[in-house]
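*Asks:* Sharing target_22.csv below, CSV, C-alpha atoms:
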chain,number,residue,atom,x,y,z
A,1,MET,CA,-169.7,17.5,-140.8
A,2,THR,CA,-167.5,15.0,-139.0
A,3,LEU,CA,-167.4,13.0,-142.2
A,4,LEU,CA,-166.1,16.0,-144.1
A,5,LEU,CA,-163.4,16.7,-141.6
A,6,VAL,CA,-162.2,13.0,-141.7
A,7,ALA,CA,-162.2,13.1,-145.5
A,8,ALA,CA,-160.3,16.4,-145.6
A,9,GLY,CA,-157.6,15.1,-143.1
A,10,ALA,CA,-157.1,11.9,-145.1
A,11,ALA,CA,-156.9,13.9,-148.4
A,12,PHE,CA,-153.6,15.2,-146.9
A,13,GLY,CA,-152.6,12.2,-144.9
A,14,ALA,CA,-152.7,9.7,-147.8
A,15,PRO,CA,-150.6,11.8,-150.3
A,16,ALA,CA,-148.1,12.5,-147.4
A,17,ARG,CA,-147.7,8.7,-147.0
A,18,PHE,CA,-147.3,8.3,-150.8
A,19,LEU,CA,-144.6,10.9,-150.9
A,20,THR,CA,-142.8,9.7,-147.8
A,21,ASP,CA,-142.7,6.2,-149.2
A,22,LEU,CA,-141.1,7.5,-152.4
A,23,VAL,CA,-138.5,9.6,-150.5
A,24,VAL,CA,-137.6,6.7,-148.1
A,25,ALA,CA,-137.4,4.2,-150.9
A,26,HIS,CA,-135.1,6.5,-152.8
A,27,TYR,CA,-132.6,6.5,-150.0
A,28,ALA,CA,-133.2,3.1,-148.4
A,29,GLY,CA,-134.2,1.0,-151.5
A,30,ARG,CA,-137.1,-1.4,-151.7
A,31,HIS,CA,-135.4,-4.5,-150.3
A,32,LEU,CA,-137.3,-3.9,-147.1
A,33,PRO,CA,-140.5,-1.8,-146.7
A,34,TRP,CA,-139.0,1.1,-144.7
A,35,GLY,CA,-141.4,3.7,-146.1
A,36,THR,CA,-144.5,2.0,-144.5
A,37,LEU,CA,-142.6,1.5,-141.3
A,38,ALA,CA,-141.7,5.2,-141.2
A,39,VAL,CA,-145.3,6.5,-141.7
A,40,ASN,CA,-146.8,3.9,-139.3
A,41,VAL,CA,-144.4,4.7,-136.5
A,42,PHE,CA,-144.5,8.5,-137.0
A,43,GLY,CA,-148.3,8.5,-137.5
A,44,SER,CA,-148.9,6.4,-134.4
A,45,GLY,CA,-146.9,8.7,-132.2
A,46,LEU,CA,-148.6,11.8,-133.7
A,47,ALA,CA,-152.0,10.2,-133.3
A,48,VAL,CA,-151.6,9.3,-129.7
A,49,PHE,CA,-150.1,12.8,-129.0
A,50,LEU,CA,-153.0,14.5,-130.7
A,51,ALA,CA,-155.7,12.2,-129.2
A,52,VAL,CA,-154.5,13.1,-125.7
A,53,ALA,CA,-153.7,16.8,-126.4
A,54,LEU,CA,-156.8,17.8,-128.4
A,55,ALA,CA,-160.0,18.6,-126.6
A,56,SER,CA,-162.2,19.4,-129.6
A,57,PRO,CA,-164.0,16.5,-131.4
A,58,GLY,CA,-163.7,18.5,-134.7
A,59,TRP,CA,-159.9,18.8,-134.5
A,60,THR,CA,-159.7,15.1,-133.5
A,61,ALA,CA,-161.8,14.0,-136.5
A,62,LEU,CA,-159.6,16.2,-138.9
A,63,LEU,CA,-156.2,15.3,-137.5
A,64,VAL,CA,-156.4,12.0,-135.7
A,65,THR,CA,-159.1,10.0,-137.6
A,66,GLY,CA,-158.5,11.8,-140.9
A,67,PHE,CA,-154.8,12.9,-141.3
A,68,CYS,CA,-153.1,10.2,-139.1
A,69,GLY,CA,-155.6,7.5,-140.2
A,70,GLY,CA,-154.7,8.4,-143.9
A,71,LEU,CA,-151.0,8.8,-143.2
A,72,THR,CA,-150.8,5.3,-141.7
A,73,THR,CA,-151.9,2.0,-143.3
A,74,TYR,CA,-152.6,-1.5,-142.4
A,75,SER,CA,-153.4,-2.8,-145.9
A,76,THR,CA,-149.9,-2.0,-147.3
A,77,LEU,CA,-148.3,-3.4,-144.2
A,78,SER,CA,-150.2,-6.7,-144.6
A,79,TYR,CA,-149.4,-6.9,-148.4
A,80,GLU,CA,-145.7,-6.0,-148.0
A,81,THR,CA,-145.3,-8.6,-145.2
A,82,LEU,CA,-146.9,-11.3,-147.3
A,83,ARG,CA,-144.6,-10.4,-150.3
A,84,LEU,CA,-141.7,-11.1,-148.0
A,85,VAL,CA,-143.3,-14.4,-147.0
A,86,GLU,CA,-143.8,-15.3,-150.7
A,87,ASP,CA,-140.1,-14.6,-151.3
A,88,GLY,CA,-139.3,-17.1,-148.6
A,89,ARG,CA,-138.0,-14.2,-146.4
A,90,TRP,CA,-139.8,-15.4,-143.2
A,91,LYS,CA,-137.4,-13.6,-140.8
A,92,HIS,CA,-137.8,-10.3,-142.6
A,93,ALA,CA,-141.6,-10.7,-142.6
A,94,LEU,CA,-141.6,-11.4,-138.9
A,95,ALA,CA,-139.2,-8.5,-138.3
A,96,ASN,CA,-141.4,-6.2,-140.4
A,97,VAL,CA,-144.5,-7.0,-138.3
A,98,ALA,CA,-142.6,-6.7,-135.0
A,99,ALA,CA,-140.9,-3.5,-136.0
A,100,ASN,CA,-144.2,-1.8,-137.0
A,101,LEU,CA,-145.9,-3.0,-133.7
A,102,ALA,CA,-143.0,-2.2,-131.4
A,103,GLY,CA,-142.1,1.0,-133.2
A,104,GLY,CA,-145.8,2.2,-133.2
A,105,LEU,CA,-146.2,1.4,-129.5
A,106,ALA,CA,-142.9,3.1,-128.6
A,107,ALA,CA,-143.8,6.2,-130.6
A,108,GLY,CA,-147.3,6.1,-129.0
A,109,LEU,CA,-145.7,6.1,-125.5
A,110,ILE,CA,-143.5,9.1,-126.5
A,111,GLY,CA,-146.6,10.9,-127.8
A,112,PHE,CA,-148.5,10.1,-124.7
A,113,ALA,CA,-145.7,11.4,-122.4
A,114,LEU,CA,-145.3,14.6,-124.5
A,115,ALA,CA,-149.0,15.3,-124.5
A,116,HIS,CA,-149.2,15.0,-120.8
A,117,LEU,CA,-146.1,17.1,-120.4
A,118,ILE,CA,-147.7,19.9,-122.4
A,119,THR,CA,-151.2,19.7,-121.1
A,120,GLY,CA,-150.0,19.1,-117.6
B,1,MET,CA,-137.0,12.2,-157.2
B,2,LEU,CA,-140.3,13.9,-156.4
B,3,ARG,CA,-140.3,15.7,-159.7
B,4,ALA,CA,-141.2,12.4,-161.3
B,5,VAL,CA,-144.4,12.3,-159.3
B,6,SER,CA,-147.3,13.3,-161.5
B,7,ALA,CA,-150.0,15.6,-160.2
B,8,SER,CA,-152.7,13.2,-161.4
B,9,ALA,CA,-151.2,10.4,-159.3
B,10,LEU,CA,-151.0,12.6,-156.2
B,11,ALA,CA,-154.6,13.7,-156.8
B,12,ALA,CA,-155.7,10.1,-157.2
B,13,VAL,CA,-154.1,9.2,-153.9
B,14,ALA,CA,-155.8,12.3,-152.2
B,15,VAL,CA,-159.3,11.6,-153.5
B,16,GLY,CA,-158.9,7.8,-152.9
B,17,GLY,CA,-157.7,8.5,-149.3
B,18,ALA,CA,-160.6,10.7,-148.6
B,19,ILE,CA,-163.1,8.1,-149.9
B,20,GLY,CA,-161.4,5.3,-148.0
B,21,ALA,CA,-161.2,7.3,-144.7
B,22,SER,CA,-164.9,8.3,-145.1
B,23,ALA,CA,-165.8,4.6,-145.4
B,24,ARG,CA,-163.8,3.9,-142.3
B,25,TYR,CA,-165.6,6.6,-140.4
B,26,GLY,CA,-168.9,5.2,-141.6
B,27,LEU,CA,-167.9,1.8,-140.1
B,28,THR,CA,-167.2,3.5,-136.7
B,29,VAL,CA,-170.7,5.0,-136.8
B,30,ALA,CA,-172.2,1.6,-137.8
B,31,LEU,CA,-170.1,-0.4,-135.2
B,32,PRO,CA,-169.6,2.0,-132.3
B,33,SER,CA,-167.4,0.8,-129.4
B,34,GLU,CA,-166.6,2.3,-126.0
B,35,PRO,CA,-163.1,3.7,-125.6
B,36,GLY,CA,-161.0,0.9,-124.0
B,37,SER,CA,-163.2,-1.9,-125.4
B,38,PHE,CA,-162.6,-4.1,-128.5
B,39,ASP,CA,-162.7,-1.7,-131.5
B,40,LEU,CA,-164.7,-3.8,-133.9
B,41,ALA,CA,-165.0,-1.1,-136.6
B,42,THR,CA,-161.2,-0.6,-136.9
B,43,PHE,CA,-160.6,-4.3,-136.7
B,44,THR,CA,-163.1,-4.8,-139.5
B,45,ALA,CA,-161.6,-2.1,-141.7
B,46,ASN,CA,-158.1,-3.4,-141.3
B,47,THR,CA,-159.2,-7.0,-142.0
B,48,ALA,CA,-161.4,-6.2,-145.0
B,49,GLY,CA,-158.7,-3.8,-146.3
B,50,GLY,CA,-156.2,-6.7,-146.1
B,51,LEU,CA,-158.5,-9.0,-148.2
B,52,LEU,CA,-159.0,-6.3,-150.8
B,53,ILE,CA,-155.4,-5.2,-151.1
B,54,GLY,CA,-154.4,-8.9,-151.6
B,55,ALA,CA,-157.0,-9.3,-154.4
B,56,LEU,CA,-156.1,-5.9,-155.9
B,57,MET,CA,-152.3,-6.4,-156.0
B,58,ILE,CA,-152.6,-9.8,-157.6
B,59,ALA,CA,-155.1,-8.4,-160.1
B,60,ILE,CA,-152.8,-5.6,-161.2
B,61,THR,CA,-149.4,-7.3,-160.9
B,62,GLU,CA,-150.4,-10.8,-162.3
B,63,VAL,CA,-153.6,-10.4,-164.3
B,64,ALA,CA,-153.9,-7.0,-166.0
B,65,PRO,CA,-152.0,-3.8,-164.9
B,66,GLY,CA,-155.0,-1.6,-165.7
B,67,THR,CA,-154.5,2.1,-166.1
B,68,ARG,CA,-151.6,4.1,-164.6
B,69,LEU,CA,-153.8,5.5,-161.8
B,70,VAL,CA,-155.4,2.2,-160.6
B,71,ARG,CA,-152.8,1.5,-157.9
B,72,PRO,CA,-152.4,5.1,-156.7
B,73,PHE,CA,-156.2,5.5,-156.5
B,74,LEU,CA,-157.4,2.1,-155.2
B,75,GLY,CA,-154.3,0.7,-153.5
B,76,VAL,CA,-152.5,3.7,-152.0
B,77,GLY,CA,-155.6,5.9,-151.7
B,78,VAL,CA,-158.8,4.1,-151.0
B,79,LEU,CA,-157.4,1.0,-149.2
B,80,GLY,CA,-154.6,3.0,-147.5
B,81,GLY,CA,-157.2,5.5,-146.3
B,82,PHE,CA,-159.7,2.8,-145.3
B,83,THR,CA,-157.2,1.0,-143.1
B,84,THR,CA,-155.3,2.6,-140.3
B,85,PHE,CA,-152.3,1.7,-138.2
B,86,SER,CA,-152.5,4.8,-136.0
B,87,THR,CA,-156.0,4.1,-134.7
B,88,TYR,CA,-154.9,0.5,-134.0
B,89,ILE,CA,-152.0,1.8,-131.8
B,90,VAL,CA,-154.3,4.4,-130.1
B,91,ASP,CA,-156.8,1.5,-129.4
B,92,ILE,CA,-154.1,-0.7,-127.8
B,93,GLY,CA,-152.9,2.3,-125.8
B,94,ARG,CA,-156.4,3.1,-124.5
B,95,ALA,CA,-157.0,-0.4,-123.5
B,96,ALA,CA,-153.7,-0.7,-121.7
B,97,ASP,CA,-154.2,2.7,-120.1
B,98,ALA,CA,-157.6,1.5,-118.8
B,99,GLY,CA,-155.9,-1.5,-117.2
B,100,ALA,CA,-157.4,-4.0,-119.7
B,101,THR,CA,-154.0,-5.6,-120.5
B,102,PHE,CA,-155.5,-8.8,-121.9
B,103,LEU,CA,-157.8,-6.9,-124.2
B,104,ALA,CA,-154.9,-4.8,-125.5
B,105,VAL,CA,-152.7,-7.8,-126.2
B,106,ALA,CA,-155.7,-9.8,-127.7
B,107,TYR,CA,-156.7,-6.9,-130.0
B,108,ALA,CA,-153.1,-6.3,-131.1
B,109,PHE,CA,-152.6,-9.9,-132.1
B,110,ALA,CA,-156.1,-10.6,-133.4
B,111,THR,CA,-155.9,-7.6,-135.8
B,112,MET,CA,-152.4,-8.6,-137.0
B,113,ALA,CA,-153.4,-12.2,-137.6
B,114,ALA,CA,-156.7,-11.5,-139.2
B,115,ALA,CA,-155.3,-8.8,-141.5
B,116,LEU,CA,-152.5,-11.0,-142.7
B,117,LEU,CA,-154.7,-14.0,-143.1
B,118,ALA,CA,-157.3,-11.9,-145.1
B,119,ALA,CA,-154.6,-10.5,-147.4
B,120,ALA,CA,-153.3,-14.1,-148.0
B,121,ILE,CA,-156.8,-15.2,-148.8
B,122,GLY,CA,-157.3,-12.3,-151.1
B,123,MET,CA,-154.1,-13.1,-153.0
B,124,VAL,CA,-154.7,-16.9,-153.2
B,125,ALA,CA,-158.3,-16.6,-154.1
B,126,THR,CA,-157.6,-14.1,-156.9
B,127,ARG,CA,-154.9,-16.3,-158.4
B,128,ARG,CA,-157.2,-19.3,-158.3
B,129,LEU,CA,-160.0,-17.4,-159.9
B,130,VAL,CA,-157.7,-16.2,-162.7
B,131,VAL,CA,-156.1,-19.6,-163.3
B,132,ARG,CA,-159.6,-21.2,-163.5
B,133,ARG,CA,-160.8,-18.6,-165.9
B,134,ARG,CA,-157.7,-18.9,-168.1
B,135,ARG,CA,-158.2,-22.7,-168.2
B,136,GLY,CA,-161.8,-22.1,-169.2
B,137,ASP,CA,-160.7,-19.8,-172.0
B,138,GLU,CA,-158.3,-22.5,-173.3
B,139,THR,CA,-160.9,-25.3,-173.4
B,140,ALA,CA,-163.6,-23.0,-174.9
Would you put the structure from the file into structure tokens?
*Replies:*
Amino acid sequence: MTLLLVAAGAAFGAPARFLTDLVVAHYAGRHLPWGTLAVNVFGSGLAVFLAVALASPGWTALLVTGFCGGLTTYSTLSYETLRLVEDGRWKHALANVAANLAGGLAAGLIGFALAHLITG
Amino acid sequence: MLRAVSASALAAVAVGGAIGASARYGLTVALPSEPGSFDLATFTANTAGGLLIGALMIAITEVAPGTRLVRPFLGVGVLGGFTTFSTYIVDIGRAADAGATFLAVAYAFATMAAALLAAAIGMVATRRLVVRRRRGDETA
């Protein structure tokens, strides 16, 4: 049952990432991987918020493990960072990793604070 | 811009994402960890996913492009769903919240280093394999 909830959540999370990347790339271009940064930062904040706010294991499986897990990605982050390294753009590669980590953590802190504000 | 997105590509991403996330969930069942301890399952998924995306992207960009749906299904879907950045952040937050600052920092950097190294190995190994096979074809 938990497996089905995780799969169902990811069946929406992964296409949401795919579409977000297309929209972000349309406006920001593909010189830097802004789309992956956007989903990873937003998805991290949402995941922390939901992990704290949700009490039911079923909802957590569907929305945190499934949807947010499918919305965010480590594989594309790794590949896009290495593409920057291969192009000799070391500073951009380092900045990409740092931005994902710092952005994800900052969004997580906001999610944490909001969840505690709501749940008391 | 989104009108150019085909329904089949979107479906491939959705199905692939469900498969990848199911495999990730399977890993968390196989390698359980207490909240606030080193999450070996997520670490493994993110590292293995790095190795596989490196191999896949070299295979489809430098060897043979394959069909139109290979990248949406395997790359964006399966591997994107298998790996996760949000759980990684939740893990770091849980460890920090539990006062295990060293664990939080070690996990954060260990994952980042291992995933990048694995992806680099996947790319280099696939290139070498292809170069060797092509040389073999020429001498045959």
*Asks:* Give me, please, the distance in Å between atom CA of B:Ile60 and atom CA of B:Ala118, quoted to one decimal.
*Replies:* 17.9 Å
*Asks:* From the list A:Ala95, A:Ala10, A:Leu71, A:Val23, which residue is nearest A:Val41 when using only C-alpha atoms?
*Replies:*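 Among A:Ala95, A:Ala10, A:Leu71, A:Val23, it is A:Leu71 that comes nearest to A:Val41.
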*Asks:* With a cut-off of 9 Å and counting all atoms listed in the file, select all residues of chain A in contact with chain B and give the selection as a ChimeraX atom specification.
*Replies:* /A:2-4,6-15,17-19,22-23,26,40-48,51,64-66,68-79,81-82,97,100-101,104-105,108-109
*Asks:* So the first atom is atom CA of A:Ala113 and the second is atom CA of B:Pro35; what is the distance between them in Å, to one decimal place?
*Replies:* 19.3 Å
*Asks:* Residues near B:Glu62, anyone? I mean within 12 Å using only C-alpha atoms, not counting same-chain ones fewer than 4 positions away, as a list in words.
*Replies:* Gly54, Ala55, Leu56, Met57, Ile58, Gly66, Met123, Val124, Thr126, Arg127, Arg128, Leu129, Val130 and Val131 of chain B
*Asks:* May I ask for the distance between atom CA of A:Val24 and atom CA of A:Thr36, given in Å to one decimal place?
*Replies:*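 Between these atoms lies a distance of 9.1 Å.
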*Asks:* Quick one: residues within 9 Å of A:Leu94, only C-alpha atoms, excluding same-chain residues fewer than 5 positions away - as a PyMOL selection string?
*Replies:* chain A and resi 81+85+89+99
*Asks:* Name the residues in contact with A:Leu84 at a cut-off of 10 Å, using only C-alpha atoms, excluding same-chain residues fewer than 5 positions from it; report them as a list in words.
*Replies:* His31, Leu32, Pro33, Tyr79, Arg89, Trp90, Lys91, His92, Ala93, Leu94 and Asn96 of chain A
*Asks:* Set the distance at 10 Å and use all atoms listed in the file: which residues neighbour B:Phe38 once local chain neighbours fewer than 2 positions away are removed? I'd like the list as a ChimeraX atom specification.
*Replies:* /B:33-36,40-43,91-92,95,103-104,106-107
*Asks:* Could you work out an axis-aligned box for stretch 69-79 of chain B, taking every atom the file lists and adding 5 Å on each side, and report centre and edge lengths in Å to one decimal, as lines of an AutoDock Vina configuration file?
*Replies:*
center_x = -155.6
center_y = 3.3
center_z = -155.5
size_x = 16.4
size_y = 15.2
size_z = 22.6
*Asks:* Would you please work out which residue, of A:Leu63, A:Glu86, A:Ala53, A:Ala102, is nearest to A:Gly120 when using all atoms listed in the file?
*Replies:* A:Ala53
